[in-house]
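Here's protein-v5.pdb, which has PDB, C-alpha atoms:
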MODEL        1
ATOM      1  CA  THR A   1      11.847  10.275 -15.074  1.00  0.00           C
ATOM      2  CA  LEU A   2      14.572   7.835 -14.068  1.00  0.00           C
ATOM      3  CA  ASP A   3      16.114  10.461 -11.801  1.00  0.00           C
ATOM      4  CA  TYR A   4      13.060  10.150  -9.506  1.00  0.00           C
ATOM      5  CA  GLU A   5      11.816   7.467  -7.149  1.00  0.00           C
ATOM      6  CA  PHE A   6       8.777   5.543  -8.368  1.00  0.00           C
ATOM      7  CA  VAL A   7       5.568   4.407  -6.751  1.00  0.00           C
ATOM      8  CA  LEU A   8       4.474   1.258  -8.573  1.00  0.00           C
ATOM      9  CA  LEU A   9       1.679  -1.259  -8.566  1.00  0.00           C
ATOM     10  CA  SER A  10       2.827  -4.512  -7.016  1.00  0.00           C
ATOM     11  CA  GLY A  11       3.038  -7.416  -9.403  1.00  0.00           C
ATOM     12  CA  THR A  12       4.074  -7.686 -13.022  1.00  0.00           C
ATOM     13  CA  GLY A  13       1.575  -5.721 -15.093  1.00  0.00           C
ATOM     14  CA  ILE A  14       2.156  -4.222 -18.525  1.00  0.00           C
ATOM     15  CA  ILE A  15       3.013  -0.769 -17.158  1.00  0.00           C
ATOM     16  CA  ARG A  16       5.694  -2.249 -14.910  1.00  0.00           C
ATOM     17  CA  THR A  17       7.059  -4.346 -17.766  1.00  0.00           C
ATOM     18  CA  CYS A  18       7.255  -1.347 -20.115  1.00  0.00           C
ATOM     19  CA  THR A  19       8.827   0.871 -17.452  1.00  0.00           C
ATOM     20  CA  ASP A  20      11.427  -1.774 -16.584  1.00  0.00           C
ATOM     21  CA  GLN A  21      12.269  -2.316 -20.265  1.00  0.00           C
ATOM     22  CA  ALA A  22      12.625   1.420 -20.944  1.00  0.00           C
ATOM     23  CA  ALA A  23      15.009   1.794 -18.005  1.00  0.00           C
ATOM     24  CA  ALA A  24      17.007  -1.267 -19.088  1.00  0.00           C
ATOM     25  CA  GLU A  25      17.370   0.072 -22.636  1.00  0.00           C
ATOM     26  CA  LEU A  26      18.850   3.259 -21.193  1.00  0.00           C
ATOM     27  CA  LYS A  27      21.050   1.182 -18.872  1.00  0.00           C
ATOM     28  CA  ARG A  28      19.613   3.054 -15.896  1.00  0.00           C
ATOM     29  CA  PRO A  29      18.127   1.648 -12.698  1.00  0.00           C
ATOM     30  CA  LEU A  30      14.460   2.087 -11.892  1.00  0.00           C
ATOM     31  CA  LYS A  31      14.365   3.535  -8.373  1.00  0.00           C
ATOM     32  CA  VAL A  32      11.361   1.885  -6.730  1.00  0.00           C
ATOM     33  CA  HIS A  33      10.420   3.613  -3.480  1.00  0.00           C
ATOM     34  CA  VAL A  34       7.257   1.645  -2.742  1.00  0.00           C
ATOM     35  CA  GLU A  35       4.880  -0.831  -4.365  1.00  0.00           C
ATOM     36  CA  VAL A  36       1.157  -0.790  -3.580  1.00  0.00           C
ATOM     37  CA  GLY A  37      -1.927  -2.753  -4.573  1.00  0.00           C
ATOM     38  CA  ASN A  38      -4.129  -0.409  -6.616  1.00  0.00           C
ATOM     39  CA  PHE A  39      -4.211   2.848  -8.592  1.00  0.00           C
ATOM     40  CA  GLU A  40      -5.824   4.836  -5.774  1.00  0.00           C
ATOM     41  CA  ALA A  41      -3.027   3.821  -3.407  1.00  0.00           C
ATOM     42  CA  VAL A  42      -0.456   4.779  -6.056  1.00  0.00           C
ATOM     43  CA  CYS A  43      -2.014   8.230  -6.350  1.00  0.00           C
ATOM     44  CA  ARG A  44      -2.176   8.648  -2.556  1.00  0.00           C
ATOM     45  CA  MET A  45       1.542   7.896  -2.334  1.00  0.00           C
ATOM     46  CA  VAL A  46       2.297  10.361  -5.137  1.00  0.00           C
ATOM     47  CA  GLU A  47       0.089  12.957  -3.438  1.00  0.00           C
ATOM     48  CA  ASN A  48       2.166  12.469  -0.278  1.00  0.00           C
ATOM     49  CA  ASN A  49       5.413  13.055  -2.188  1.00  0.00           C
ATOM     50  CA  MET A  50       6.578   9.423  -2.069  1.00  0.00           C
ATOM     51  CA  GLY A  51       7.577   9.429  -5.736  1.00  0.00           C
ATOM     52  CA  ILE A  52       6.187   9.546  -9.269  1.00  0.00           C
ATOM     53  CA  SER A  53       4.239   6.928 -11.177  1.00  0.00           C
ATOM     54  CA  VAL A  54       3.095   5.859 -14.634  1.00  0.00           C
ATOM     55  CA  LEU A  55      -0.642   5.197 -14.847  1.00  0.00           C
ATOM     56  CA  PRO A  56      -3.310   4.725 -17.491  1.00  0.00           C
ATOM     57  CA  LYS A  57      -4.786   8.104 -18.433  1.00  0.00           C
ATOM     58  CA  ARG A  58      -8.281   7.157 -17.241  1.00  0.00           C
ATOM     59  CA  SER A  59      -7.086   6.182 -13.754  1.00  0.00           C
ATOM     60  CA  ALA A  60      -4.818   9.184 -13.406  1.00  0.00           C
ATOM     61  CA  THR A  61      -7.587  11.570 -14.479  1.00  0.00           C
ATOM     62  CA  ARG A  62     -10.128  10.061 -12.092  1.00  0.00           C
ATOM     63  CA  HIS A  63      -7.812  10.451  -9.099  1.00  0.00           C
ATOM     64  CA  ALA A  64      -6.418  13.839 -10.159  1.00  0.00           C
ATOM     65  CA  ASN A  65      -9.948  15.233  -9.832  1.00  0.00           C
ATOM     66  CA  SER A  66      -9.972  14.541  -6.078  1.00  0.00           C
ATOM     67  CA  MET A  67      -6.278  14.620  -5.127  1.00  0.00           C
ATOM     68  CA  LYS A  68      -3.454  17.117  -5.271  1.00  0.00           C
ATOM     69  CA  ILE A  69      -1.558  15.447  -8.116  1.00  0.00           C
ATOM     70  CA  ASP A  70      -0.618  16.631 -11.585  1.00  0.00           C
ATOM     71  CA  MET A  71      -0.387  14.670 -14.812  1.00  0.00           C
ATOM     72  CA  VAL A  72       2.203  14.869 -17.575  1.00  0.00           C
ATOM     73  CA  LYS A  73       1.544  13.078 -20.852  1.00  0.00           C
ATOM     74  CA  LEU A  74       4.364  10.759 -21.890  1.00  0.00           C
ATOM     75  CA  SER A  75       5.444  11.023 -25.508  1.00  0.00           C
ATOM     76  CA  ASP A  76       8.184   8.372 -25.609  1.00  0.00           C
ATOM     77  CA  PRO A  77       7.498   5.474 -28.011  1.00  0.00           C
ATOM     78  CA  TRP A  78       7.540   2.923 -25.161  1.00  0.00           C
ATOM     79  CA  ALA A  79       4.591   4.695 -23.522  1.00  0.00           C
ATOM     80  CA  VAL A  80       2.267   4.245 -26.514  1.00  0.00           C
ATOM     81  CA  ARG A  81       0.158   1.119 -26.198  1.00  0.00           C
ATOM     82  CA  ARG A  82      -0.662  -0.777 -29.362  1.00  0.00           C
ATOM     83  CA  LEU A  83      -3.595  -3.079 -28.782  1.00  0.00           C
ATOM     84  CA  GLN A  84      -4.730  -5.922 -30.985  1.00  0.00           C
ATOM     85  CA  ILE A  85      -7.938  -7.895 -31.083  1.00  0.00           C
ATOM     86  CA  VAL A  86      -7.430 -11.623 -31.185  1.00  0.00           C
ATOM     87  CA  VAL A  87     -10.210 -13.821 -32.540  1.00  0.00           C
ATOM     88  CA  ARG A  88     -10.578 -17.522 -33.132  1.00  0.00           C
ATOM     89  CA  GLU A  89     -12.065 -17.048 -36.575  1.00  0.00           C
ATOM     90  CA  LEU A  90     -12.752 -13.993 -38.718  1.00  0.00           C
TER      91      LEU A  90
ENDMDL
END
Would you kindly transcribe this structure into structure tokens?
Amino acid sequence: TLDYEFVLLSGTGIIRTCTDQAAAELKRPLKVHVEVGNFEAVCRMVENNMGISVLPKRSATRHANSMKIDMVKLSDPWAVRRLQIVVREL
């Protein structure tokens, strides 16, 4: 995907962090075409051929139902989220 321009959410969320780290590990630049404020805007930019993006499956699916965008599942280890529950006491 690093050969393509990206449409990203503005800010420093987990998707941006993971994408930046994956590019850095490959010693390749992340080509950022535009940054926008929400997932719908990301999908609108992708729909208008402004670049590609990495989104949570739920958000991508919701917008793919009403926009002309396609989804490709990522299989790279960096794209798998491992979540933990943190509690004060068990």
Review point. If we count all atoms listed in the file, what is near segment 71-85 of chain A at a cut-off of 8 Å, once residues fewer than 5 positions away on the same chain are taken out, given as a list in words?
Key: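 Near neighbours after the sequence-gap exclusion: Cys18, Ala22, Ala60, Thr61 and Ala64 of chain A.
Counting only C-alpha atoms, the residue from A:Ile52, A:Ala23, A:Leu8, A:Ile69 that sits nearest to Phe39 of chain A is A:Leu8.
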I want to know what sits within 10 Å of Leu2 of chain A, based on only C-alpha atoms, with residues of the same chain fewer than 5 positions away left out; could you give that as a PDB file with C-alpha atoms, in the frame of the given file?
ATOM      1  CA  THR A  19       8.827   0.871 -17.452  1.00  0.00           C
ATOM      2  CA  ALA A  22      12.625   1.420 -20.944  1.00  0.00           C
ATOM      3  CA  ALA A  23      15.009   1.794 -18.005  1.00  0.00           C
ATOM      4  CA  LEU A  26      18.850   3.259 -21.193  1.00  0.00           C
ATOM      5  CA  ARG A  28      19.613   3.054 -15.896  1.00  0.00           C
ATOM      6  CA  PRO A  29      18.127   1.648 -12.698  1.00  0.00           C
ATOM      7  CA  LEU A  30      14.460   2.087 -11.892  1.00  0.00           C
ATOM      8  CA  LYS A  31      14.365   3.535  -8.373  1.00  0.00           C
ATOM      9  CA  VAL A  32      11.361   1.885  -6.730  1.00  0.00           C
ATOM     10  CA  ILE A  52       6.187   9.546  -9.269  1.00  0.00           C
TER      11      ILE A  52
END
Review point. Residues at most 9 Å from Met45 of chain A, counting only C-alpha atoms, excluding those fewer than 4 positions away in the same chain, as a PyMOL selection string?
Key: chain A and resi 7+34+36+40-41+49-52
Check your understanding: What separation in Å, quoted to one decimal, exists between atom CA of Asp70 of chain A and atom CA of Lys27 of chain A?
Key -> 27.6 Å
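With distances restricted to all atoms listed in the file, A:Ser53 is the closest residue to Thr1 of chain A from A:Ser53, A:Ser59, A:Asn65, A:Asn38.
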Would you compute the box with edges along x, y and z of the file around segment 42-55 of chain A, including every atom the file lists for it and 5 Å extra on each side, and give its centre and edge lengths in Å to one decimal, as lines of an AutoDock Vina configuration file?
center_x = 2.7
center_y = 8.9
center_z = -7.6
size_x = 19.8
size_y = 18.3
size_z = 24.6
Revision key, fill the gap. Between atom CA of Arg58 of chain A and atom CA of Phe6 of chain A lies a distance of 19.3 Å
Check your understanding: What does the distance from atom CA of Leu9 of chain A to atom CA of Val42 of chain A come to in Å, to one decimal?
Key ->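 These two atoms are separated by 6.9 Å.
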Exercise for review: Measuring atom to atom with all atoms listed in the file, identify which of A:His33, A:Asn48, A:Cys43, A:Glu5 is nearest to Arg62 of chain A.
Suggested key: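 Of A:His33, A:Asn48, A:Cys43, A:Glu5, the one nearest Arg62 of chain A, counting all atoms listed in the file, is A:Cys43.
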Taking the block just given, write chain A to a file that holds C-alpha atoms, as a PDB file, in the first residue's frame.
ATOM      1  CA  THR A   1       0.000   0.000   0.000  1.00  0.00           C
ATOM      2  CA  LEU A   2       2.954   2.337   0.441  1.00  0.00           C
ATOM      3  CA  ASP A   3       3.056   2.948  -3.305  1.00  0.00           C
ATOM      4  CA  TYR A   4      -0.264   4.838  -3.001  1.00  0.00           C
ATOM      5  CA  GLU A   5      -1.254   8.174  -1.518  1.00  0.00           C
ATOM      6  CA  PHE A   6      -3.205   7.969   1.733  1.00  0.00           C
ATOM      7  CA  VAL A   7      -6.262   9.719   3.073  1.00  0.00           C
ATOM      8  CA  LEU A   8      -5.915   9.795   6.857  1.00  0.00           C
ATOM      9  CA  LEU A   9      -7.785  10.956   9.905  1.00  0.00           C
ATOM     10  CA  SER A  10      -6.197  14.080  11.327  1.00  0.00           C
ATOM     11  CA  GLY A  11      -4.569  13.637  14.692  1.00  0.00           C
ATOM     12  CA  THR A  12      -2.611  10.805  16.238  1.00  0.00           C
ATOM     13  CA  GLY A  13      -4.950   7.839  16.596  1.00  0.00           C
ATOM     14  CA  ILE A  14      -3.963   4.186  16.816  1.00  0.00           C
ATOM     15  CA  ILE A  15      -4.499   3.549  13.096  1.00  0.00           C
ATOM     16  CA  ARG A  16      -2.174   6.417  12.200  1.00  0.00           C
ATOM     17  CA  THR A  17       0.411   5.227  14.713  1.00  0.00           C
ATOM     18  CA  CYS A  18       0.340   1.657  13.368  1.00  0.00           C
ATOM     19  CA  THR A  19       0.484   2.821   9.747  1.00  0.00           C
ATOM     20  CA  ASP A  20       3.417   5.144  10.464  1.00  0.00           C
ATOM     21  CA  GLN A  21       5.288   2.392  12.328  1.00  0.00           C
ATOM     22  CA  ALA A  22       4.730  -0.154   9.544  1.00  0.00           C
ATOM     23  CA  ALA A  23       6.078   2.284   6.955  1.00  0.00           C
ATOM     24  CA  ALA A  24       9.069   3.145   9.155  1.00  0.00           C
ATOM     25  CA  GLU A  25       9.930  -0.535   9.639  1.00  0.00           C
ATOM     26  CA  LEU A  26      10.025  -0.923   5.861  1.00  0.00           C
ATOM     27  CA  LYS A  27      12.056   2.292   5.586  1.00  0.00           C
ATOM     28  CA  ARG A  28       9.438   3.699   3.222  1.00  0.00           C
ATOM     29  CA  PRO A  29       7.647   7.044   3.379  1.00  0.00           C
ATOM     30  CA  LEU A  30       3.928   7.237   4.024  1.00  0.00           C
ATOM     31  CA  LYS A  31       2.530   9.420   1.235  1.00  0.00           C
ATOM     32  CA  VAL A  32      -0.196  11.481   2.896  1.00  0.00           C
ATOM     33  CA  HIS A  33      -2.386  13.230   0.330  1.00  0.00           C
ATOM     34  CA  VAL A  34      -4.940  14.689   2.733  1.00  0.00           C
ATOM     35  CA  GLU A  35      -6.020  14.484   6.368  1.00  0.00           C
ATOM     36  CA  VAL A  36      -9.673  14.869   7.359  1.00  0.00           C
ATOM     37  CA  GLY A  37     -11.714  14.873  10.551  1.00  0.00           C
ATOM     38  CA  ASN A  38     -13.892  11.748  10.483  1.00  0.00           C
ATOM     39  CA  PHE A  39     -14.389   8.336   8.860  1.00  0.00           C
ATOM     40  CA  GLU A  40     -17.163   9.535   6.545  1.00  0.00           C
ATOM     41  CA  ALA A  41     -14.893  12.263   5.179  1.00  0.00           C
ATOM     42  CA  VAL A  42     -12.113   9.695   4.710  1.00  0.00           C
ATOM     43  CA  CYS A  43     -14.457   7.495   2.688  1.00  0.00           C
ATOM     44  CA  ARG A  44     -15.694  10.456   0.613  1.00  0.00           C
ATOM     45  CA  MET A  45     -12.100  11.298  -0.290  1.00  0.00           C
ATOM     46  CA  VAL A  46     -11.387   7.671  -1.203  1.00  0.00           C
ATOM     47  CA  GLU A  47     -14.598   7.563  -3.248  1.00  0.00           C
ATOM     48  CA  ASN A  48     -13.345  10.627  -5.140  1.00  0.00           C
ATOM     49  CA  ASN A  49     -10.024   8.926  -5.917  1.00  0.00           C
ATOM     50  CA  MET A  50      -7.947  11.048  -3.522  1.00  0.00           C
ATOM     51  CA  GLY A  51      -6.089   8.025  -2.160  1.00  0.00           C
ATOM     52  CA  ILE A  52      -6.506   4.892  -0.052  1.00  0.00           C
ATOM     53  CA  SER A  53      -7.077   4.553   3.669  1.00  0.00           C
ATOM     54  CA  VAL A  54      -6.949   2.136   6.592  1.00  0.00           C
ATOM     55  CA  LEU A  55     -10.161   2.055   8.623  1.00  0.00           C
ATOM     56  CA  PRO A  56     -11.818  -0.101  11.256  1.00  0.00           C
ATOM     57  CA  LYS A  57     -13.901  -2.802   9.569  1.00  0.00           C
ATOM     58  CA  ARG A  58     -17.167  -1.530  11.069  1.00  0.00           C
ATOM     59  CA  SER A  59     -16.676   2.009   9.739  1.00  0.00           C
ATOM     60  CA  ALA A  60     -15.520   0.851   6.333  1.00  0.00           C
ATOM     61  CA  THR A  61     -18.482  -1.518   5.984  1.00  0.00           C
ATOM     62  CA  ARG A  62     -21.012   1.126   7.005  1.00  0.00           C
ATOM     63  CA  HIS A  63     -19.746   3.597   4.403  1.00  0.00           C
ATOM     64  CA  ALA A  64     -19.148   0.987   1.687  1.00  0.00           C
ATOM     65  CA  ASN A  65     -22.890   0.276   1.748  1.00  0.00           C
ATOM     66  CA  SER A  66     -23.674   3.805   0.524  1.00  0.00           C
ATOM     67  CA  MET A  67     -20.524   4.816  -1.378  1.00  0.00           C
ATOM     68  CA  LYS A  68     -18.586   3.552  -4.356  1.00  0.00           C
ATOM     69  CA  ILE A  69     -15.633   2.178  -2.389  1.00  0.00           C
ATOM     70  CA  ASP A  70     -14.216  -1.312  -2.036  1.00  0.00           C
ATOM     71  CA  MET A  71     -12.623  -2.965   0.972  1.00  0.00           C
ATOM     72  CA  VAL A  72      -9.580  -5.222   1.154  1.00  0.00           C
ATOM     73  CA  LYS A  73      -8.845  -7.068   4.383  1.00  0.00           C
ATOM     74  CA  LEU A  74      -5.315  -6.509   5.662  1.00  0.00           C
ATOM     75  CA  SER A  75      -3.469  -9.624   6.766  1.00  0.00           C
ATOM     76  CA  ASP A  76      -0.158  -8.104   7.895  1.00  0.00           C
ATOM     77  CA  PRO A  77       0.643  -8.624  11.600  1.00  0.00           C
ATOM     78  CA  TRP A  78       0.679  -4.856  12.260  1.00  0.00           C
ATOM     79  CA  ALA A  79      -2.968  -4.625  11.178  1.00  0.00           C
ATOM     80  CA  VAL A  80      -4.225  -7.062  13.831  1.00  0.00           C
ATOM     81  CA  ARG A  81      -5.368  -5.268  16.961  1.00  0.00           C
ATOM     82  CA  ARG A  82      -4.781  -6.975  20.280  1.00  0.00           C
ATOM     83  CA  LEU A  83      -6.986  -5.454  22.938  1.00  0.00           C
ATOM     84  CA  GLN A  84      -6.667  -5.867  26.673  1.00  0.00           C
ATOM     85  CA  ILE A  85      -9.047  -5.113  29.494  1.00  0.00           C
ATOM     86  CA  VAL A  86      -7.493  -3.170  32.319  1.00  0.00           C
ATOM     87  CA  VAL A  87      -9.093  -3.326  35.756  1.00  0.00           C
ATOM     88  CA  ARG A  88      -8.232  -1.869  39.120  1.00  0.00           C
ATOM     89  CA  GLU A  89      -8.863  -5.123  40.937  1.00  0.00           C
ATOM     90  CA  LEU A  90      -9.818  -8.610  39.782  1.00  0.00           C
TER      91      LEU A  90
END
